[in-house]
file my_file-v4.pdb (PDB, C-alpha atoms)
ATOM      1  CA  MET Y   1     218.592 174.100 165.391
ATOM      2  CA  THR Y   2     218.456 170.481 166.575
ATOM      3  CA  SER Y   3     220.429 167.545 165.236
ATOM      4  CA  ARG Y   4     219.095 164.020 165.581
ATOM      5  CA  VAL Y   5     221.450 161.067 165.318
ATOM      6  CA  LEU Y   6     220.109 157.516 165.446
ATOM      7  CA  LEU Y   7     222.772 154.877 166.021
ATOM      8  CA  VAL Y   8     221.751 151.383 164.911
ATOM      9  CA  SER Y   9     223.923 148.518 166.134
ATOM     10  CA  PRO Y  10     224.565 145.645 163.699
ATOM     11  CA  ALA Y  11     222.886 142.251 163.824
ATOM     12  CA  SER Y  12     224.609 139.330 165.506
ATOM     13  CA  SER Y  13     227.586 137.606 163.940
ATOM     14  CA  PRO Y  14     229.982 134.780 164.822
ATOM     15  CA  ALA Y  15     232.630 137.317 165.889
ATOM     16  CA  LEU Y  16     230.141 138.991 168.222
ATOM     17  CA  ARG Y  17     229.114 135.710 169.799
ATOM     18  CA  GLN Y  18     232.734 134.607 170.218
ATOM     19  CA  ALA Y  19     233.841 137.899 171.847
ATOM     20  CA  ARG Y  20     236.345 138.328 169.036
ATOM     21  CA  PHE Y  21     238.155 141.589 168.272
ATOM     22  CA  TYR Y  22     236.523 142.602 165.029
ATOM     23  CA  ASP Y  23     238.720 142.724 161.939
ATOM     24  CA  GLY Y  24     236.052 144.011 159.555
ATOM     25  CA  LEU Y  25     235.690 140.734 157.670
ATOM     26  CA  GLY Y  26     233.144 138.658 159.600
ATOM     27  CA  PRO Y  27     229.655 138.384 158.096
ATOM     28  CA  LEU Y  28     226.366 138.168 159.966
ATOM     29  CA  ASP Y  29     225.144 134.784 161.110
ATOM     30  CA  THR Y  30     221.942 133.334 159.666
ATOM     31  CA  SER Y  31     219.737 134.361 162.580
ATOM     32  CA  GLY Y  32     221.212 137.867 162.656
ATOM     33  CA  ALA Y  33     220.532 138.405 158.966
ATOM     34  CA  ALA Y  34     216.982 137.112 159.386
ATOM     35  CA  ARG Y  35     216.294 139.441 162.322
ATOM     36  CA  ALA Y  36     217.610 142.391 160.333
ATOM     37  CA  ARG Y  37     215.318 141.577 157.401
ATOM     38  CA  ALA Y  38     212.379 141.250 159.778
ATOM     39  CA  ALA Y  39     213.146 144.657 161.285
ATOM     40  CA  ALA Y  40     213.399 146.491 157.960
ATOM     41  CA  ASP Y  41     209.910 147.987 158.256
ATOM     42  CA  SER Y  42     210.772 149.392 161.707
ATOM     43  CA  VAL Y  43     213.739 151.482 160.568
ATOM     44  CA  PRO Y  44     213.159 155.160 161.440
ATOM     45  CA  ARG Y  45     213.012 157.734 158.685
ATOM     46  CA  ALA Y  46     216.260 159.629 158.112
ATOM     47  CA  ASP Y  47     217.570 162.430 155.940
ATOM     48  CA  ARG Y  48     220.994 160.853 155.722
ATOM     49  CA  VAL Y  49     222.308 157.283 156.134
ATOM     50  CA  VAL Y  50     225.908 156.398 156.941
ATOM     51  CA  ARG Y  51     227.665 153.337 158.341
ATOM     52  CA  SER Y  52     230.830 151.962 159.846
ATOM     53  CA  PRO Y  53     233.299 150.257 157.517
ATOM     54  CA  GLY Y  54     233.281 146.474 157.591
ATOM     55  CA  ALA Y  55     231.191 143.547 156.422
ATOM     56  CA  ARG Y  56     228.933 143.395 159.476
ATOM     57  CA  CYS Y  57     227.550 146.934 159.205
ATOM     58  CA  HIS Y  58     227.423 146.774 155.409
ATOM     59  CA  GLU Y  59     225.377 143.559 155.527
ATOM     60  CA  THR Y  60     223.118 144.833 158.315
ATOM     61  CA  ALA Y  61     222.364 148.014 156.378
ATOM     62  CA  SER Y  62     221.628 145.983 153.256
ATOM     63  CA  GLU Y  63     219.240 143.635 155.106
ATOM     64  CA  LEU Y  64     217.488 146.683 156.585
ATOM     65  CA  GLY Y  65     217.048 148.130 153.101
ATOM     66  CA  LEU Y  66     219.413 151.030 153.775
ATOM     67  CA  HIS Y  67     221.931 152.542 151.389
ATOM     68  CA  GLY Y  68     224.448 155.028 152.727
ATOM     69  CA  ASP Y  69     228.032 156.156 152.737
ATOM     70  CA  GLU Y  70     230.788 154.301 154.563
ATOM     71  CA  LEU Y  71     232.663 156.717 156.835
ATOM     72  CA  SER Y  72     236.174 156.028 158.092
ATOM     73  CA  GLU Y  73     235.543 158.185 161.170
ATOM     74  CA  LEU Y  74     232.890 155.656 162.220
ATOM     75  CA  ALA Y  75     235.296 152.718 162.105
ATOM     76  CA  PRO Y  76     235.360 150.543 165.230
ATOM     77  CA  LEU Y  77     238.264 150.722 167.641
ATOM     78  CA  ASP Y  78     241.519 149.659 165.992
ATOM     79  CA  ALA Y  79     242.690 146.726 168.116
ATOM     80  CA  GLY Y  80     246.065 146.503 166.409
ATOM     81  CA  ARG Y  81     247.645 143.071 166.611
ATOM     82  CA  TRP Y  82     244.638 141.741 168.566
ATOM     83  CA  ARG Y  83     242.333 142.004 165.549
ATOM     84  CA  GLY Y  84     240.669 138.690 164.805
ATOM     85  CA  ARG Y  85     241.615 137.153 168.170
ATOM     86  CA  THR Y  86     239.173 136.312 170.948
ATOM     87  CA  LEU Y  87     239.197 137.995 174.324
ATOM     88  CA  GLU Y  88     240.037 134.629 175.890
ATOM     89  CA  GLU Y  89     243.037 134.163 173.614
ATOM     90  CA  VAL Y  90     244.441 137.584 174.429
ATOM     91  CA  GLY Y  91     243.788 137.048 178.125
ATOM     92  CA  THR Y  92     245.827 133.852 177.987
ATOM     93  CA  THR Y  93     248.798 135.181 176.027
ATOM     94  CA  GLU Y  94     248.885 138.826 177.221
ATOM     95  CA  PRO Y  95     247.022 138.990 180.541
ATOM     96  CA  GLU Y  96     248.827 142.070 181.877
ATOM     97  CA  ALA Y  97     248.363 143.997 178.631
ATOM     98  CA  LEU Y  98     244.670 143.129 178.526
ATOM     99  CA  THR Y  99     244.161 144.176 182.145
ATOM    100  CA  LEU Y 100     245.881 147.496 181.467
ATOM    101  CA  TRP Y 101     243.785 148.124 178.366
ATOM    102  CA  LEU Y 102     240.514 147.463 180.145
ATOM    103  CA  ALA Y 103     241.440 149.686 183.092
ATOM    104  CA  ASP Y 104     243.152 152.631 181.395
ATOM    105  CA  PRO Y 105     241.346 154.387 178.494
ATOM    106  CA  GLU Y 106     244.628 156.034 177.504
ATOM    107  CA  SER Y 107     246.404 152.714 176.901
ATOM    108  CA  ALA Y 108     246.820 150.869 173.604
ATOM    109  CA  PRO Y 109     249.086 147.885 174.343
ATOM    110  CA  HIS Y 110     247.889 146.204 171.135
ATOM    111  CA  GLY Y 111     249.555 148.919 169.064
ATOM    112  CA  GLY Y 112     246.240 150.259 167.766
ATOM    113  CA  GLU Y 113     243.886 152.884 169.145
ATOM    114  CA  SER Y 114     243.078 153.769 172.744
ATOM    115  CA  VAL Y 115     239.518 154.006 174.028
ATOM    116  CA  ARG Y 116     239.974 157.730 174.662
ATOM    117  CA  ALA Y 117     241.157 158.273 171.083
ATOM    118  CA  LEU Y 118     238.109 156.414 169.797
ATOM    119  CA  CYS Y 119     235.786 158.580 171.911
ATOM    120  CA  GLN Y 120     237.449 161.733 170.597
ATOM    121  CA  ARG Y 121     237.218 160.573 166.977
ATOM    122  CA  VAL Y 122     233.553 159.606 167.209
ATOM    123  CA  GLY Y 123     232.788 162.721 169.250
ATOM    124  CA  ALA Y 124     234.211 164.931 166.507
ATOM    125  CA  TRP Y 125     231.934 163.224 163.990
ATOM    126  CA  LEU Y 126     228.915 163.645 166.262
ATOM    127  CA  GLU Y 127     229.533 167.374 166.672
ATOM    128  CA  SER Y 128     229.594 167.715 162.879
ATOM    129  CA  ALA Y 129     226.091 166.228 162.470
ATOM    130  CA  PRO Y 130     223.875 168.410 160.259
ATOM    131  CA  GLU Y 131     221.450 170.668 162.107
ATOM    132  CA  ASP Y 132     217.705 170.367 161.614
ATOM    133  CA  ALA Y 133     218.212 166.890 160.120
ATOM    134  CA  ARG Y 134     218.035 163.265 161.136
ATOM    135  CA  THR Y 135     221.085 161.076 160.545
ATOM    136  CA  LEU Y 136     220.835 157.302 160.796
ATOM    137  CA  ALA Y 137     224.137 155.489 161.281
ATOM    138  CA  VAL Y 138     224.607 151.717 161.270
ATOM    139  CA  VAL Y 139     227.661 151.463 163.490
ATOM    140  CA  GLU Y 140     229.625 148.992 165.573
ATOM    141  CA  PRO Y 141     228.772 148.723 169.291
ATOM    142  CA  ASP Y 142     231.973 150.435 170.395
ATOM    143  CA  VAL Y 143     231.101 153.421 168.187
ATOM    144  CA  VAL Y 144     227.734 153.666 169.965
ATOM    145  CA  ARG Y 145     229.530 153.571 173.336
ATOM    146  CA  ALA Y 146     231.987 156.249 172.248
ATOM    147  CA  ALA Y 147     229.186 158.531 171.022
ATOM    148  CA  VAL Y 148     227.307 158.235 174.320
ATOM    149  CA  VAL Y 149     230.462 158.862 176.366
ATOM    150  CA  HIS Y 150     231.101 162.028 174.365
ATOM    151  CA  ALA Y 151     227.502 163.263 174.254
ATOM    152  CA  LEU Y 152     226.955 162.948 178.001
ATOM    153  CA  ARG Y 153     230.485 164.059 178.870
ATOM    154  CA  LEU Y 154     231.072 160.835 180.778
ATOM    155  CA  PRO Y 155     234.508 159.764 181.994
ATOM    156  CA  ALA Y 156     236.145 157.521 179.409
ATOM    157  CA  GLU Y 157     236.408 154.870 182.125
ATOM    158  CA  THR Y 158     232.636 154.295 181.797
ATOM    159  CA  PHE Y 159     233.036 153.078 178.201
ATOM    160  CA  TRP Y 160     232.993 149.378 179.143
ATOM    161  CA  ARG Y 161     229.942 149.815 181.394
ATOM    162  CA  LEU Y 162     227.665 150.581 178.440
ATOM    163  CA  ASP Y 163     225.959 147.537 176.902
ATOM    164  CA  VAL Y 164     224.843 147.665 173.268
ATOM    165  CA  PRO Y 165     222.675 144.690 172.199
ATOM    166  CA  PRO Y 166     222.424 143.839 168.489
ATOM    167  CA  LEU Y 167     219.847 145.614 166.320
ATOM    168  CA  THR Y 168     218.962 148.353 168.761
ATOM    169  CA  VAL Y 169     218.604 152.091 168.229
ATOM    170  CA  THR Y 170     220.288 154.679 170.438
ATOM    171  CA  GLU Y 171     219.083 158.213 169.738
ATOM    172  CA  LEU Y 172     221.001 161.405 170.467
ATOM    173  CA  SER Y 173     219.342 164.749 169.906
ATOM    174  CA  GLY Y 174     220.354 168.318 170.554
ATOM    175  CA  ARG Y 175     222.977 170.712 169.338
ATOM    176  CA  ALA Y 176     226.741 170.922 169.608
ATOM    177  CA  GLY Y 177     227.902 170.509 173.180
ATOM    178  CA  ARG Y 178     224.468 169.641 174.603
ATOM    179  CA  TRP Y 179     222.863 166.310 173.799
ATOM    180  CA  ASN Y 180     219.920 164.310 175.100
ATOM    181  CA  LEU Y 181     219.952 160.512 175.059
ATOM    182  CA  ARG Y 182     217.188 158.058 174.271
ATOM    183  CA  LEU Y 183     218.489 154.674 175.366
ATOM    184  CA  GLY Y 184     218.739 151.759 172.951
ATOM    185  CA  ARG Y 185     215.530 150.010 171.910
ATOM    186  CA  PRO Y 186     214.859 147.091 169.530
ATOM    187  CA  LEU Y 187     214.225 148.146 165.949
ATOM    188  CA  ALA Y 188     211.049 146.053 165.937
ATOM    189  CA  GLU Y 189     209.071 147.237 168.951
ATOM    190  CA  ASP Y 190     207.201 143.939 169.260
ATOM    191  CA  ALA Y 191     210.345 141.825 169.013
ATOM    192  CA  PRO Y 192     212.144 140.570 172.135
ATOM    193  CA  THR Y 193     215.435 142.271 172.861
ATOM    194  CA  PRO Y 194     218.279 139.973 171.711
ATOM    195  CA  PRO Y 195     220.593 138.487 174.361
ATOM    196  CA  GLU Y 196     223.179 141.012 175.466
ATOM    197  CA  SER Y 197     226.017 139.449 173.511
ATOM    198  CA  GLY Y 198     227.193 143.031 173.015
ATOM    199  CA  ARG Y 199     228.540 142.869 176.581
ATOM    200  CA  SER Y 200     231.886 141.547 175.360
ATOM    201  CA  ARG Y 201     234.720 143.847 176.291
ATOM    202  CA  THR Y 202     236.106 143.688 172.789
ATOM    203  CA  GLY Y 203     233.518 146.358 171.972
ATOM    204  CA  GLN Y 204     232.106 144.022 169.386
TER     205      GLN Y 204
END
call {"tool": "encode", "arguments": {"input": "my_file-v4.pdb", "output": "structure tokens"}}
result
Amino acid sequence: MTSRVLLVSPASSPALRQARFYDGLGPLDTSGAARARAAADSVPRADRVVRSPGARCHETASELGLHGDELSELAPLDAGRWRGRTLEEVGTTEPEALTLWLADPESAPHGGESVRALCQRVGAWLESAPEDARTLAVVEPDVVRAAVVHALRLPAETFWRLDVPPLTVTELSGRAGRWNLRLGRPLAEDAPTPPESGRSRTGQ
């Protein structure tokens, strides 16, 4: 029996544009909300809808006309004391800690969660996806990265090499332990892909 999991990244927000470690509070910006509303008719059909905690995914789901459960296992990476700060700020005040964090997926110098721990948490959720059903999840970009790392059995070091633009769909299909990947595409097929502001190494 095949599981299908469609991961929808949230629309753009000030925190995303500022490369800020997400603290769950930042709303969408005006253009992001408008793009989400415009893409509502392009949302794939699903048997189940879930989302990451936080204002950005909640608002994106609402603008897309989706109603689903908030799951703690789909929370973005816990950046500890860096939450709410920009990458530039952390690089200025804690350059060695930031360098270590970006290079070593086992490290968590911010006192929060390591990249490897995030990949394991999201991977466990992915393996529990219902069989013979389609799940649509509105999730933060770092959750999309973690799911792909797990599904393709990639080294955790590749986490930061995966770009997740806003309002794109990444589809994983298969069964436990063996997944196929359909790379991210815009929700609205005729809409231009948004700028890759998801490249920020905050995972936001």
call {"tool": "closest_residue", "arguments": {"input": "my_file-v4.pdb", "among": "Y:Thr93, Y:Thr86, Y:Ser42, Y:Thr170", "to": "Arg17 of chain Y", "atoms": "all atoms listed in the file"}}
result
Y:Thr86
call {"tool": "residues_around", "arguments": {"input": "my_file-v4.pdb", "residues": "segment 22-38 of chain Y", "least_positions_apart": "2", "cutoff": "7 Å", "atoms": "only C-alpha atoms", "output": "list in words"}}
result
Ala11, Ser12, Ser13, Pro14, Ala15, Arg20, Ala40, Gly54, Ala55, Arg56, Thr60, Glu63, Leu64, Arg83, Gly84 and Gln204 of chain Y
call {"tool": "residues_around", "arguments": {"input": "my_file-v4.pdb", "residues": "Thr2 of chain Y", "least_positions_apart": "2", "cutoff": "7 Å", "atoms": "only C-alpha atoms", "output": "mmCIF file with C-alpha atoms, in the coordinates of the input"}}
result
data_model
loop_
_atom_site.group_PDB
_atom_site.id
_atom_site.type_symbol
_atom_site.label_atom_id
_atom_site.label_comp_id
_atom_site.auth_asym_id
_atom_site.auth_seq_id
_atom_site.Cartn_x
_atom_site.Cartn_y
_atom_site.Cartn_z
ATOM 1 C CA ARG Y 4 219.095 164.020 165.581
ATOM 2 C CA GLU Y 131 221.450 170.668 162.107
ATOM 3 C CA ASP Y 132 217.705 170.367 161.614
ATOM 4 C CA SER Y 173 219.342 164.749 169.906
ATOM 5 C CA GLY Y 174 220.354 168.318 170.554
ATOM 6 C CA ARG Y 175 222.977 170.712 169.338
#
call {"tool": "residues_around", "arguments": {"input": "my_file-v4.pdb", "residues": "Gly112 of chain Y", "least_positions_apart": "2", "cutoff": "10 Å", "atoms": "only C-alpha atoms", "output": "list in words"}}
result
Leu77, Asp78, Ala79, Gly80, Arg81, Trp82, Arg83, Ser107, Ala108, Pro109, His110, Ser114 and Val115 of chain Y
call {"tool": "write_last_selection", "arguments": {"input": "my_file-v4.pdb", "atoms": "C-alpha atoms", "output": "JSON list (two decimals), in the frame of the given file"}}
result
[["chain", "number", "residue", "atom", "x", "y", "z"],
["Y", 77, "LEU", "CA", 238.26, 150.72, 167.64],
["Y", 78, "ASP", "CA", 241.52, 149.66, 165.99],
["Y", 79, "ALA", "CA", 242.69, 146.73, 168.12],
["Y", 80, "GLY", "CA", 246.06, 146.50, 166.41],
["Y", 81, "ARG", "CA", 247.64, 143.07, 166.61],
["Y", 82, "TRP", "CA", 244.64, 141.74, 168.57],
["Y", 83, "ARG", "CA", 242.33, 142.00, 165.55],
["Y", 107, "SER", "CA", 246.40, 152.71, 176.90],
["Y", 108, "ALA", "CA", 246.82, 150.87, 173.60],
["Y", 109, "PRO", "CA", 249.09, 147.88, 174.34],
["Y", 110, "HIS", "CA", 247.89, 146.20, 171.14],
["Y", 114, "SER", "CA", 243.08, 153.77, 172.74],
["Y", 115, "VAL", "CA", 239.52, 154.01, 174.03]]
call {"tool": "resolve_selection", "arguments": {"input": "my_file-v4.pdb", "expression": "the PyMOL selection byres ((chain Y and resi 137) around 7)", "output": "list in words"}}
result
Leu6, Leu7, Val8, Val49, Val50, Arg51, Thr135, Leu136, Val138 and Val139 of chain Y
call {"tool": "resolve_selection", "arguments": {"input": "my_file-v4.pdb", "expression": "the PyMOL selection byres ((chain Y and resi 119) around 10)", "output": "mmCIF file with C-alpha atoms, in the coordinates of the input"}}
result
data_model
loop_
_atom_site.group_PDB
_atom_site.id
_atom_site.type_symbol
_atom_site.label_atom_id
_atom_site.label_comp_id
_atom_site.auth_asym_id
_atom_site.auth_seq_id
_atom_site.Cartn_x
_atom_site.Cartn_y
_atom_site.Cartn_z
ATOM 1 C CA LEU Y 77 238.264 150.722 167.641
ATOM 2 C CA PRO Y 105 241.346 154.387 178.494
ATOM 3 C CA SER Y 114 243.078 153.769 172.744
ATOM 4 C CA VAL Y 115 239.518 154.006 174.028
ATOM 5 C CA ARG Y 116 239.974 157.730 174.662
ATOM 6 C CA ALA Y 117 241.157 158.273 171.083
ATOM 7 C CA LEU Y 118 238.109 156.414 169.797
ATOM 8 C CA GLN Y 120 237.449 161.733 170.597
ATOM 9 C CA ARG Y 121 237.218 160.573 166.977
ATOM 10 C CA VAL Y 122 233.553 159.606 167.209
ATOM 11 C CA GLY Y 123 232.788 162.721 169.250
ATOM 12 C CA ALA Y 124 234.211 164.931 166.507
ATOM 13 C CA TRP Y 125 231.934 163.224 163.990
ATOM 14 C CA ASP Y 142 231.973 150.435 170.395
ATOM 15 C CA VAL Y 143 231.101 153.421 168.187
ATOM 16 C CA VAL Y 144 227.734 153.666 169.965
ATOM 17 C CA ARG Y 145 229.530 153.571 173.336
ATOM 18 C CA ALA Y 146 231.987 156.249 172.248
ATOM 19 C CA ALA Y 147 229.186 158.531 171.022
ATOM 20 C CA VAL Y 148 227.307 158.235 174.320
ATOM 21 C CA VAL Y 149 230.462 158.862 176.366
ATOM 22 C CA HIS Y 150 231.101 162.028 174.365
ATOM 23 C CA ALA Y 151 227.502 163.263 174.254
ATOM 24 C CA ALA Y 156 236.145 157.521 179.409
ATOM 25 C CA PHE Y 159 233.036 153.078 178.201
#
call {"tool": "atom_distance", "arguments": {"input": "my_file-v4.pdb", "atom1": "atom CA of Pro186 of chain Y", "atom2": "atom CA of Pro141 of chain Y"}}
result
14.0 Å
call {"tool": "closest_residue", "arguments": {"input": "my_file-v4.pdb", "among": "Y:Ala19, Y:Ala103, Y:Val164, Y:Leu66", "to": "Leu87 of chain Y", "atoms": "all atoms listed in the file"}}
result
Y:Ala19
call {"tool": "atom_distance", "arguments": {"input": "my_file-v4.pdb", "atom1": "atom CA of Pro95 of chain Y", "atom2": "atom CA of Pro165 of chain Y"}}
result
26.4 Å
call {"tool": "axis_aligned_box", "arguments": {"input": "my_file-v4.pdb", "around": "segment 81-84 of chain Y", "padding_each_side": "4 Å", "output": "JSON"}}
result
{"center_x": 244.2, "center_y": 140.9, "center_z": 166.7, "size_x": 15.0, "size_y": 12.4, "size_z": 11.8}
call {"tool": "atom_distance", "arguments": {"input": "my_file-v4.pdb", "atom1": "atom CA of Pro53 of chain Y", "atom2": "atom CA of Ala75 of chain Y"}}
result
5.6 Å
call {"tool": "closest_residue", "arguments": {"input": "my_file-v4.pdb", "among": "Y:Pro155, Y:Gly177, Y:Gly91, Y:Pro130", "to": "Arg48 of chain Y", "atoms": "only C-alpha atoms"}}
result
Y:Pro130
call {"tool": "closest_residue", "arguments": {"input": "my_file-v4.pdb", "among": "Y:Trp160, Y:Ala39, Y:His67, Y:Glu127", "to": "Trp101 of chain Y", "atoms": "all atoms listed in the file"}}
result
Y:Trp160
call {"tool": "closest_residue", "arguments": {"input": "my_file-v4.pdb", "among": "Y:Arg45, Y:His58, Y:Arg134, Y:Arg85", "to": "Leu172 of chain Y", "atoms": "only C-alpha atoms"}}
result
Y:Arg134
